[in-house]
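Taking it in order: structure first as structure tokens, then the write-up.
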Amino acid sequence: MTLSHDPWVWIAAILTLAIFSFLYRENPFYRIAEHLYVGLANGYAITFYWHRILMPYLIDPVGHNPNILTKIWLVSIAIIGALYFTRFIPKISWLVRIPIAILLGYGCGASIPRALDAEIIQQVRATIVTRSHLAHWDTALWAILILVGVIATISYFFFSAERKGVLKPISYVGIVFIMVGFGASFGYTVMARISLFIGRLQFLLGDWLGLIK
Amino acid sequence: MEFWKKLQAIDRRWVYLVIWLVVMIPLIFPFKIKPVASPPVQSLFTYIDTLPENKGVIISVDYTPDSQAELQPMLVALLRHAFVIHRPVGVLAMALQGLGIGEDALRQVTAEINSHARTSADSVLNGRDYVYWGWTTPPITVMLGMGQRITKVFPVDYYGQKTESLPVMKRMKNYDDAGILVSVAASSFPLYWINLAQTQFGIHLGAGITAVSAADFYPYVNSGQFSGMLAGMKGAAEYEELLEQSMVKRGMDWKLRRKGTEAMSSQAAAHLAIIAFIIIGNIAFFATRRRKS
């Protein structure tokens with residue numbers, strides 16, 4: 001066992017233990033660590049935005065670019081962006097809609113057509129059973145299972161008709177697929193949470209206490 | 001009866017303590033587990049391993065330190081692989097707090113490779129063999145802009161060097177020069193990469209994701225939109241295993257540290273404990289219910 005001599009490792013280890021102390025009960029050590037994390041993350045983000053975004057893309061060009069039109073363009077964009085802060089002034093808070101509208105318009109225009117293709121057309125295409133799927137029994141089985149699963153699950157969420165007749169058994173099959181999906185998600189969630197805990201223990205036992213390599 | 005009742009009302013802190021011990025003991029006294037690659041991991045590995053020589057690898061660090069435990073082993077393994085097969089590598093961060101993580105991984109892997117290099121050609125150098133573009137915003141502009149000209153999106157790299165002046169950028173002008181882009185993510189960034197970069201420019205994508213989001217991304221592996229996927233720490237361990245086998249075959253038996261694989265014995269023990277908890281909990285529930293009726 002060789003304890004770390006690095007003060008930063010000690011700080012990280014103490015903060016990790018402070019966060020873990022919440023498992024026992026809420027306490028001031030946990031609160032300190034939590035607030036420190038939020039403060040650090042925000043401080044880091046703000047300074048980074050300042051040095052890597054505002055300085056090179058706005059302040060430097062406005063200060064040094066000889067082209068007056070570029071300056072006007074950049075300042076106008078900055079003013080539109082600054083309208084986000086009008087939320088804090090109730091009388092003119094409606095102005096916040098301008099940058100939101102621009103951002104929404106740009107975002108939707110750029111993403112909706114592509115999302116339609118990527119998330120609907122390509123996914124529907126992936127449910128089609130083709131001749132190549134039927135070449136082997138295993139690929140055929142998976143392809144048919146996916147097709148049945150998609151149809152049954154969509155049927156379960158079909159609320160425009162009463163669930164009787166043919167819709168009833170199909171939607172029940174849909175429930176089975178949904179439950180399998182939930183089970184898989186839960187299993188993966190357990191794995192994820194344990195992984196995060198393992199990561200911290202690797203740090204505490206390895207980097208800090210030197211118990212493992 | 002009393003026993004089952006007491007068991008159902010057990011303080012959750014005892015459960016935490018058991019999990020703590022179950023995870024900690026195998027870390028100190030590990031038992032050997034040999035990961036077997038699942039099809040999505042195998043296909044991503046094979047895809048990268050067989051990339052044409054003129055194609056580069058882009059890796060996007062789309063996660064923050066809170067998911068580092070799961071995703072860092074993936075990032076390290078992917079970087080090792082790209083450098084071992086001598087492909088130009090470009091790394092960027094979509095998550096601002098991922099910047100330091102990306103730099104850490106690059107520093108670690110380049111040091112490993114360079115410590116074993118015998119010639120200049122074997123080593124990996126910043127600007128010649130790889131570039132760390134860093135972070136810029138907004139993501140939509142980055143993802144679309146990189147398809148046209150990467151140097152326009154990132155005029156300077158993370159270290160402040162002009163990207164136009166870097167030799168590696170002559171081999172990485174835009175997505176056409178990249179054989180694959182792998183998004184190592186703890187959020188829905190891989191989906192944005194599909195929507196924006198793949199749909200528009202047709203770039204091949206891979207994903208390294210947290211286990212929590214694995215079930216959400218499997219449909220994209222099935223549809224072929226992802227060339228492969230690493231899900232959680234288990235995915236990282238499987239990739240590490242494939243990479244080590246491949247490196248041994250290439251005469252690079254370096255015995256590099258495999259953090260994902262090291263965690264697998266704890267992971268397995270914790271899963272067994274949780275399965276036991278679920279079974280005991282259900283027995284207690286049904287036993288007390290039967291008595292009531």
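Note on naming: chains are A, B, ... as they come in the structure tokens, residues start from 1 per chain, ligands start from 1 in the order shown.
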
Do you know which residues are at most 9 Å from B:Trp133 counting only C-alpha atoms, after dropping those on the same chain fewer than 2 positions away, and could you put them as a list in words?
->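 Final neighbour list, sorted by chain and number: Gly90, Val91, Leu92, Ala93, Val131, Trp135, Thr136, Phe154, Pro155, Val156, Asp157, Tyr158, Tyr159 and Thr163 of chain B.
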
Preceding selection exported with all heavy atoms as an mmCIF file, in the first residue's frame:
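Listed below is the output, result39.cif:
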data_model
loop_
_atom_site.group_PDB
_atom_site.id
_atom_site.type_symbol
_atom_site.label_atom_id
_atom_site.label_comp_id
_atom_site.auth_asym_id
_atom_site.auth_seq_id
_atom_site.Cartn_x
_atom_site.Cartn_y
_atom_site.Cartn_z
ATOM 1 N N GLY B 90 -8.241 12.196 -36.030
ATOM 2 C CA GLY B 90 -8.726 13.522 -35.630
ATOM 3 C C GLY B 90 -9.653 13.346 -34.442
ATOM 4 O O GLY B 90 -10.535 12.495 -34.467
ATOM 5 N N VAL B 91 -9.414 14.130 -33.405
ATOM 6 C CA VAL B 91 -10.253 14.025 -32.212
ATOM 7 C C VAL B 91 -10.893 15.378 -31.949
ATOM 8 O O VAL B 91 -10.238 16.415 -32.077
ATOM 9 C CB VAL B 91 -9.415 13.587 -30.982
ATOM 10 C CG1 VAL B 91 -10.294 13.447 -29.746
ATOM 11 C CG2 VAL B 91 -8.694 12.275 -31.253
ATOM 12 N N LEU B 92 -12.177 15.350 -31.641
ATOM 13 C CA LEU B 92 -12.857 16.585 -31.254
ATOM 14 C C LEU B 92 -13.719 16.302 -30.034
ATOM 15 O O LEU B 92 -13.935 15.127 -29.691
ATOM 16 C CB LEU B 92 -13.718 17.131 -32.391
ATOM 17 C CG LEU B 92 -14.988 16.375 -32.744
ATOM 18 C CD1 LEU B 92 -16.027 17.350 -33.267
ATOM 19 C CD2 LEU B 92 -14.722 15.327 -33.813
ATOM 20 N N ALA B 93 -14.168 17.362 -29.384
ATOM 21 C CA ALA B 93 -15.049 17.182 -28.228
ATOM 22 C C ALA B 93 -16.334 17.945 -28.491
ATOM 23 O O ALA B 93 -16.304 19.123 -28.850
ATOM 24 C CB ALA B 93 -14.371 17.693 -26.966
ATOM 25 N N VAL B 131 -4.518 14.987 -34.790
ATOM 26 C CA VAL B 131 -4.817 16.377 -34.463
ATOM 27 C C VAL B 131 -5.939 16.375 -33.433
ATOM 28 O O VAL B 131 -6.855 15.555 -33.501
ATOM 29 C CB VAL B 131 -5.212 17.173 -35.732
ATOM 30 C CG1 VAL B 131 -6.327 16.488 -36.523
ATOM 31 C CG2 VAL B 131 -5.643 18.593 -35.394
ATOM 32 N N TRP B 135 -12.907 21.896 -29.132
ATOM 33 C CA TRP B 135 -14.356 22.078 -29.032
ATOM 34 C C TRP B 135 -14.752 23.392 -29.665
ATOM 35 O O TRP B 135 -14.034 24.375 -29.585
ATOM 36 C CB TRP B 135 -14.746 22.091 -27.551
ATOM 37 C CG TRP B 135 -16.164 22.437 -27.243
ATOM 38 C CD1 TRP B 135 -17.208 21.562 -27.150
ATOM 39 C CD2 TRP B 135 -16.708 23.731 -26.962
ATOM 40 N NE1 TRP B 135 -18.361 22.229 -26.821
ATOM 41 C CE2 TRP B 135 -18.083 23.566 -26.698
ATOM 42 C CE3 TRP B 135 -16.171 25.013 -26.909
ATOM 43 C CZ2 TRP B 135 -18.925 24.622 -26.383
ATOM 44 C CZ3 TRP B 135 -17.016 26.074 -26.596
ATOM 45 C CH2 TRP B 135 -18.375 25.868 -26.325
ATOM 46 N N THR B 136 -15.883 23.393 -30.341
ATOM 47 C CA THR B 136 -16.484 24.662 -30.749
ATOM 48 C C THR B 136 -17.994 24.470 -30.786
ATOM 49 O O THR B 136 -18.499 23.369 -30.619
ATOM 50 C CB THR B 136 -15.924 25.169 -32.090
ATOM 51 O OG1 THR B 136 -16.342 26.514 -32.284
ATOM 52 C CG2 THR B 136 -16.348 24.335 -33.273
ATOM 53 N N PHE B 154 -12.668 24.371 -37.511
ATOM 54 C CA PHE B 154 -11.633 24.484 -36.476
ATOM 55 C C PHE B 154 -10.405 25.184 -37.075
ATOM 56 O O PHE B 154 -9.467 24.513 -37.507
ATOM 57 C CB PHE B 154 -11.221 23.092 -35.969
ATOM 58 C CG PHE B 154 -12.305 22.354 -35.245
ATOM 59 C CD1 PHE B 154 -13.021 21.356 -35.876
ATOM 60 C CD2 PHE B 154 -12.612 22.649 -33.925
ATOM 61 C CE1 PHE B 154 -14.022 20.664 -35.208
ATOM 62 C CE2 PHE B 154 -13.604 21.974 -33.253
ATOM 63 C CZ PHE B 154 -14.314 20.977 -33.900
ATOM 64 N N PRO B 155 -10.409 26.531 -37.134
ATOM 65 C CA PRO B 155 -9.245 27.227 -37.714
ATOM 66 C C PRO B 155 -7.977 26.972 -36.899
ATOM 67 O O PRO B 155 -6.881 26.953 -37.443
ATOM 68 C CB PRO B 155 -9.623 28.702 -37.670
ATOM 69 C CG PRO B 155 -11.044 28.762 -37.253
ATOM 70 C CD PRO B 155 -11.435 27.456 -36.666
ATOM 71 N N VAL B 156 -8.142 26.806 -35.589
ATOM 72 C CA VAL B 156 -7.000 26.451 -34.728
ATOM 73 C C VAL B 156 -7.367 25.199 -33.949
ATOM 74 O O VAL B 156 -8.535 24.946 -33.677
ATOM 75 C CB VAL B 156 -6.610 27.570 -33.730
ATOM 76 C CG1 VAL B 156 -6.019 28.758 -34.423
ATOM 77 C CG2 VAL B 156 -7.808 27.981 -32.882
ATOM 78 N N ASP B 157 -6.332 24.404 -33.593
ATOM 79 C CA ASP B 157 -6.610 23.193 -32.819
ATOM 80 C C ASP B 157 -6.636 23.519 -31.322
ATOM 81 O O ASP B 157 -6.513 24.692 -30.926
ATOM 82 C CB ASP B 157 -5.623 22.068 -33.169
ATOM 83 C CG ASP B 157 -4.220 22.312 -32.615
ATOM 84 O OD1 ASP B 157 -3.988 23.383 -32.007
ATOM 85 O OD2 ASP B 157 -3.359 21.442 -32.781
ATOM 86 N N TYR B 158 -6.757 22.497 -30.514
ATOM 87 C CA TYR B 158 -6.866 22.670 -29.062
ATOM 88 C C TYR B 158 -5.649 23.399 -28.491
ATOM 89 O O TYR B 158 -5.746 24.132 -27.521
ATOM 90 C CB TYR B 158 -7.013 21.285 -28.418
ATOM 91 C CG TYR B 158 -7.060 21.275 -26.925
ATOM 92 C CD1 TYR B 158 -8.177 21.747 -26.237
ATOM 93 C CD2 TYR B 158 -6.000 20.783 -26.180
ATOM 94 C CE1 TYR B 158 -8.231 21.732 -24.854
ATOM 95 C CE2 TYR B 158 -6.040 20.764 -24.791
ATOM 96 C CZ TYR B 158 -7.152 21.240 -24.137
ATOM 97 O OH TYR B 158 -7.199 21.225 -22.769
ATOM 98 N N TYR B 159 -4.498 23.186 -29.116
ATOM 99 C CA TYR B 159 -3.256 23.775 -28.598
ATOM 100 C C TYR B 159 -2.949 25.137 -29.221
ATOM 101 O O TYR B 159 -1.882 25.685 -29.003
ATOM 102 C CB TYR B 159 -2.090 22.814 -28.837
ATOM 103 C CG TYR B 159 -2.346 21.441 -28.248
ATOM 104 C CD1 TYR B 159 -2.735 20.384 -29.060
ATOM 105 C CD2 TYR B 159 -2.227 21.222 -26.883
ATOM 106 C CE1 TYR B 159 -3.008 19.131 -28.522
ATOM 107 C CE2 TYR B 159 -2.497 19.976 -26.342
ATOM 108 C CZ TYR B 159 -2.888 18.941 -27.165
ATOM 109 O OH TYR B 159 -3.172 17.711 -26.636
ATOM 110 N N THR B 163 -4.732 25.002 -37.980
ATOM 111 C CA THR B 163 -4.945 23.652 -38.536
ATOM 112 C C THR B 163 -4.500 23.553 -40.000
ATOM 113 O O THR B 163 -4.060 22.498 -40.437
ATOM 114 C CB THR B 163 -6.419 23.227 -38.405
ATOM 115 O OG1 THR B 163 -7.235 24.302 -38.841
ATOM 116 C CG2 THR B 163 -6.772 22.861 -36.985
#

Name all residues at most 10 Å from A:Ile14 (count only C-alpha atoms; drop same-chain ones fewer than 3 positions away) and give them as an MDAnalysis selection string.
-> chainID A and resid 8:11 17:20 29 33 204 208

Could you take the residues named above and write them with N, CA, C and O atoms, as a JSON list (two decimals), in the first residue's frame?
[["chain", "number", "residue", "atom", "x", "y", "z"],
["A", 8, "TRP", "N", -3.67, 16.81, -5.44],
["A", 8, "TRP", "CA", -4.91, 16.81, -6.24],
["A", 8, "TRP", "C", -5.64, 15.47, -6.11],
["A", 8, "TRP", "O", -6.87, 15.42, -6.10],
["A", 9, "VAL", "N", -4.86, 14.40, -6.01],
["A", 9, "VAL", "CA", -5.47, 13.08, -5.82],
["A", 9, "VAL", "C", -6.18, 13.05, -4.47],
["A", 9, "VAL", "O", -7.29, 12.53, -4.34],
["A", 10, "TRP", "N", -5.56, 13.65, -3.45],
["A", 10, "TRP", "CA", -6.17, 13.68, -2.13],
["A", 10, "TRP", "C", -7.47, 14.49, -2.15],
["A", 10, "TRP", "O", -8.46, 14.09, -1.58],
["A", 11, "ILE", "N", -7.41, 15.63, -2.85],
["A", 11, "ILE", "CA", -8.63, 16.46, -2.93],
["A", 11, "ILE", "C", -9.74, 15.67, -3.62],
["A", 11, "ILE", "O", -10.88, 15.61, -3.14],
["A", 17, "LEU", "N", -15.37, 10.76, -1.42],
["A", 17, "LEU", "CA", -15.93, 10.22, -0.18],
["A", 17, "LEU", "C", -17.07, 11.12, 0.34],
["A", 17, "LEU", "O", -18.07, 10.62, 0.86],
["A", 18, "ALA", "N", -16.91, 12.42, 0.14],
["A", 18, "ALA", "CA", -17.96, 13.36, 0.57],
["A", 18, "ALA", "C", -19.26, 13.08, -0.20],
["A", 18, "ALA", "O", -20.35, 13.08, 0.37],
["A", 19, "ILE", "N", -19.12, 12.82, -1.51],
["A", 19, "ILE", "CA", -20.31, 12.51, -2.32],
["A", 19, "ILE", "C", -20.91, 11.17, -1.87],
["A", 19, "ILE", "O", -22.13, 11.03, -1.71],
["A", 20, "PHE", "N", -20.05, 10.18, -1.64],
["A", 20, "PHE", "CA", -20.55, 8.86, -1.22],
["A", 20, "PHE", "C", -21.23, 8.92, 0.16],
["A", 20, "PHE", "O", -22.07, 8.07, 0.47],
["A", 29, "PHE", "N", -21.01, 17.69, 4.23],
["A", 29, "PHE", "CA", -19.88, 17.34, 3.36],
["A", 29, "PHE", "C", -20.35, 17.07, 1.93],
["A", 29, "PHE", "O", -19.74, 17.49, 0.96],
["A", 33, "ALA", "N", -19.42, 19.29, -1.51],
["A", 33, "ALA", "CA", -18.89, 18.67, -2.72],
["A", 33, "ALA", "C", -19.81, 18.93, -3.91],
["A", 33, "ALA", "O", -19.34, 19.23, -5.01],
["A", 204, "LEU", "N", -10.04, 5.30, -5.96],
["A", 204, "LEU", "CA", -9.75, 5.33, -4.51],
["A", 204, "LEU", "C", -8.73, 4.26, -4.12],
["A", 204, "LEU", "O", -7.77, 4.53, -3.40],
["A", 208, "TRP", "N", -5.29, 6.58, -5.18],
["A", 208, "TRP", "CA", -5.19, 7.20, -3.86],
["A", 208, "TRP", "C", -4.46, 6.30, -2.86],
["A", 208, "TRP", "O", -3.42, 6.65, -2.32]]

Could you please select, counting only C-alpha atoms, the residues of chain A within 6 Å of chain B and state them as a list in words?
->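 Listed by rising number, the hits are Arg114, Ala115, Ala118, Ala126, Ser185, Tyr188, Thr189, Ala192, Ser195, Leu196 and Gly199 of chain A.
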
If we count only C-alpha atoms, what is near A:Trp73 at a cut-off of 12 Å, once residues fewer than 6 positions away on the same chain are taken out, given as a list in words?
->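 Using only C-alpha atoms, the neighbours found are Tyr57, Leu58, Pro61, Val62, Asn65, Asn67, Ile79 and Ile80 of chain A.
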
Include C-alpha atoms and write out the residues we just selected as a tab-separated table (two decimals), in the first residue's frame.
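Produced file out.tsv, reproduced below:
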chain	number	residue	atom	x	y	z
A	57	TYR	CA	-15.29	35.10	-33.06
A	58	LEU	CA	-16.64	38.45	-31.80
A	61	PRO	CA	-12.82	40.62	-35.25
A	62	VAL	CA	-14.88	43.64	-34.19
A	65	ASN	CA	-11.26	43.79	-38.73
A	67	ASN	CA	-14.26	45.93	-42.88
A	79	ILE	CA	-27.18	42.13	-29.99
A	80	ILE	CA	-29.69	39.49	-31.11

Which of these, B:Pro190, B:Leu256, B:Ala9, B:His204, has the shortest distance to B:Gln108 once you count only C-alpha atoms?
->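 Looking only at the distances to B:Gln108, the closest residue turns out to be B:Leu256.
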
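In this model, the gap between atom CA of B:Glu164 and atom CA of B:Lys152 comes to 9.0 Å.
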
Compile the contact shell of B:Ile59 as a list in words: residues with an atom at most 8 Å away, counting only C-alpha atoms, same-chain residues fewer than 2 positions apart removed.
->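 Contacts, in chain order: Val57, Val61, Val89, Gly90, Val91, Leu92, Leu181, Val182, Ser183 and Val184 of chain B.
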
Quick one, how far is atom CA of A:Trp142 from atom CA of A:Ile175?
->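 It comes out at 18.4 Å.
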
Backbone DSSP call of alpha helix (DSSP H) for stretch 2-48 of chain A, listed as number ranges by chain = A: 7-20, 28-48

A:Ile98 environment, 10 Å, only C-alpha atoms, sequence neighbours closer than 4 positions dropped, as a list in words =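 The residues satisfying every condition are Ile80, Gly81, Leu83, Tyr84, Trp94, Ile102, Leu103 and Leu104 of chain A.
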
Filtered DSSP result for stretch 51-257 of chain B, state strand (DSSP E or B), as JSON, numbers by chain = {"B": [56, 57, 58, 59, 60, 61, 62, 89, 90, 91, 92, 93, 126, 130, 131, 132, 133, 134, 156, 162, 178, 179, 180, 181, 182, 183, 184, 185, 205, 206, 207, 208, 209, 226, 227, 228, 229, 230, 231]}

Output the selection as a short mmCIF file (atom, residue, chain, number, x, y, z; two decimals), in the first residue's frame - C-alpha atoms for each residue.
data_model
loop_
_atom_site.label_atom_id
_atom_site.label_comp_id
_atom_site.auth_asym_id
_atom_site.auth_seq_id
_atom_site.Cartn_x
_atom_site.Cartn_y
_atom_site.Cartn_z
CA GLY B 56 -8.63 8.42 -41.28
CA VAL B 57 -10.44 7.89 -38.02
CA ILE B 58 -12.40 10.68 -36.34
CA ILE B 59 -13.29 10.25 -32.69
CA SER B 60 -15.74 12.58 -31.01
CA VAL B 61 -15.51 12.87 -27.22
CA ASP B 62 -19.18 13.46 -26.43
CA VAL B 89 -6.59 10.47 -36.33
CA GLY B 90 -8.73 13.52 -35.63
CA VAL B 91 -10.25 14.02 -32.21
CA LEU B 92 -12.86 16.58 -31.25
CA ALA B 93 -15.05 17.18 -28.23
CA ASN B 126 0.84 15.76 -32.91
CA TYR B 130 -3.09 13.13 -35.22
CA VAL B 131 -4.82 16.38 -34.46
CA TYR B 132 -6.89 17.41 -31.48
CA TRP B 133 -9.35 19.93 -32.83
CA GLY B 134 -10.90 20.65 -29.45
CA VAL B 156 -7.00 26.45 -34.73
CA LYS B 162 -3.34 26.81 -37.14
CA ALA B 178 -12.52 9.73 -42.86
CA GLY B 179 -13.24 6.03 -42.99
CA ILE B 180 -15.32 6.26 -39.85
CA LEU B 181 -16.40 8.67 -37.15
CA VAL B 182 -16.90 7.14 -33.71
CA SER B 183 -18.96 9.08 -31.22
CA VAL B 184 -18.07 8.13 -27.65
CA ALA B 185 -21.08 9.54 -25.89
CA LEU B 205 -20.45 5.91 -37.96
CA GLY B 206 -19.62 3.92 -34.88
CA ALA B 207 -20.78 4.51 -31.34
CA GLY B 208 -19.35 3.99 -27.89
CA ILE B 209 -22.14 4.61 -25.46
CA PHE B 226 -23.87 2.31 -37.03
CA SER B 227 -21.07 0.11 -38.34
CA GLY B 228 -20.72 -1.19 -34.80
CA MET B 229 -21.27 -0.23 -31.21
CA LEU B 230 -19.60 -0.55 -27.81
CA ALA B 231 -22.12 -0.60 -24.99
#

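Neighbours of A:Ala143 closer than or equal to 6 Å, with only C-alpha atoms counted and sequence neighbours fewer than 3 positions away skipped, come out as Val129, Ala140 and Ile146 of chain A.
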
Output the selection as a JSON list (two decimals), in the first residue's frame - all heavy atoms for each residue.
[["chain", "number", "residue", "atom", "x", "y", "z"],
["A", 129, "VAL", "N", -38.37, -7.55, -44.26],
["A", 129, "VAL", "CA", -37.72, -8.86, -44.39],
["A", 129, "VAL", "C", -37.40, -9.09, -45.87],
["A", 129, "VAL", "O", -38.30, -9.10, -46.71],
["A", 129, "VAL", "CB", -38.65, -9.99, -43.86],
["A", 129, "VAL", "CG1", -37.97, -11.34, -43.98],
["A", 129, "VAL", "CG2", -39.05, -9.72, -42.42],
["A", 140, "ALA", "N", -33.11, -15.02, -40.50],
["A", 140, "ALA", "CA", -34.55, -15.03, -40.81],
["A", 140, "ALA", "C", -35.36, -14.87, -39.53],
["A", 140, "ALA", "O", -36.30, -14.07, -39.46],
["A", 140, "ALA", "CB", -34.92, -16.33, -41.52],
["A", 146, "ILE", "N", -38.15, -8.99, -35.38],
["A", 146, "ILE", "CA", -38.15, -7.51, -35.38],
["A", 146, "ILE", "C", -39.44, -6.99, -36.03],
["A", 146, "ILE", "O", -40.10, -6.10, -35.51],
["A", 146, "ILE", "CB", -36.89, -6.97, -36.09],
["A", 146, "ILE", "CG1", -35.67, -7.16, -35.17],
["A", 146, "ILE", "CG2", -37.05, -5.50, -36.46],
["A", 146, "ILE", "CD1", -34.34, -6.92, -35.83]]

Selection near B:Glu240, 8 Å with only C-alpha atoms, sequence-local residues under 5 positions removed, as a ChimeraX atom specification = /B:77,258,260-261

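Distance-wise, atom CA of A:Ile170 and atom CA of A:Arg125 end up 21.4 Å apart.
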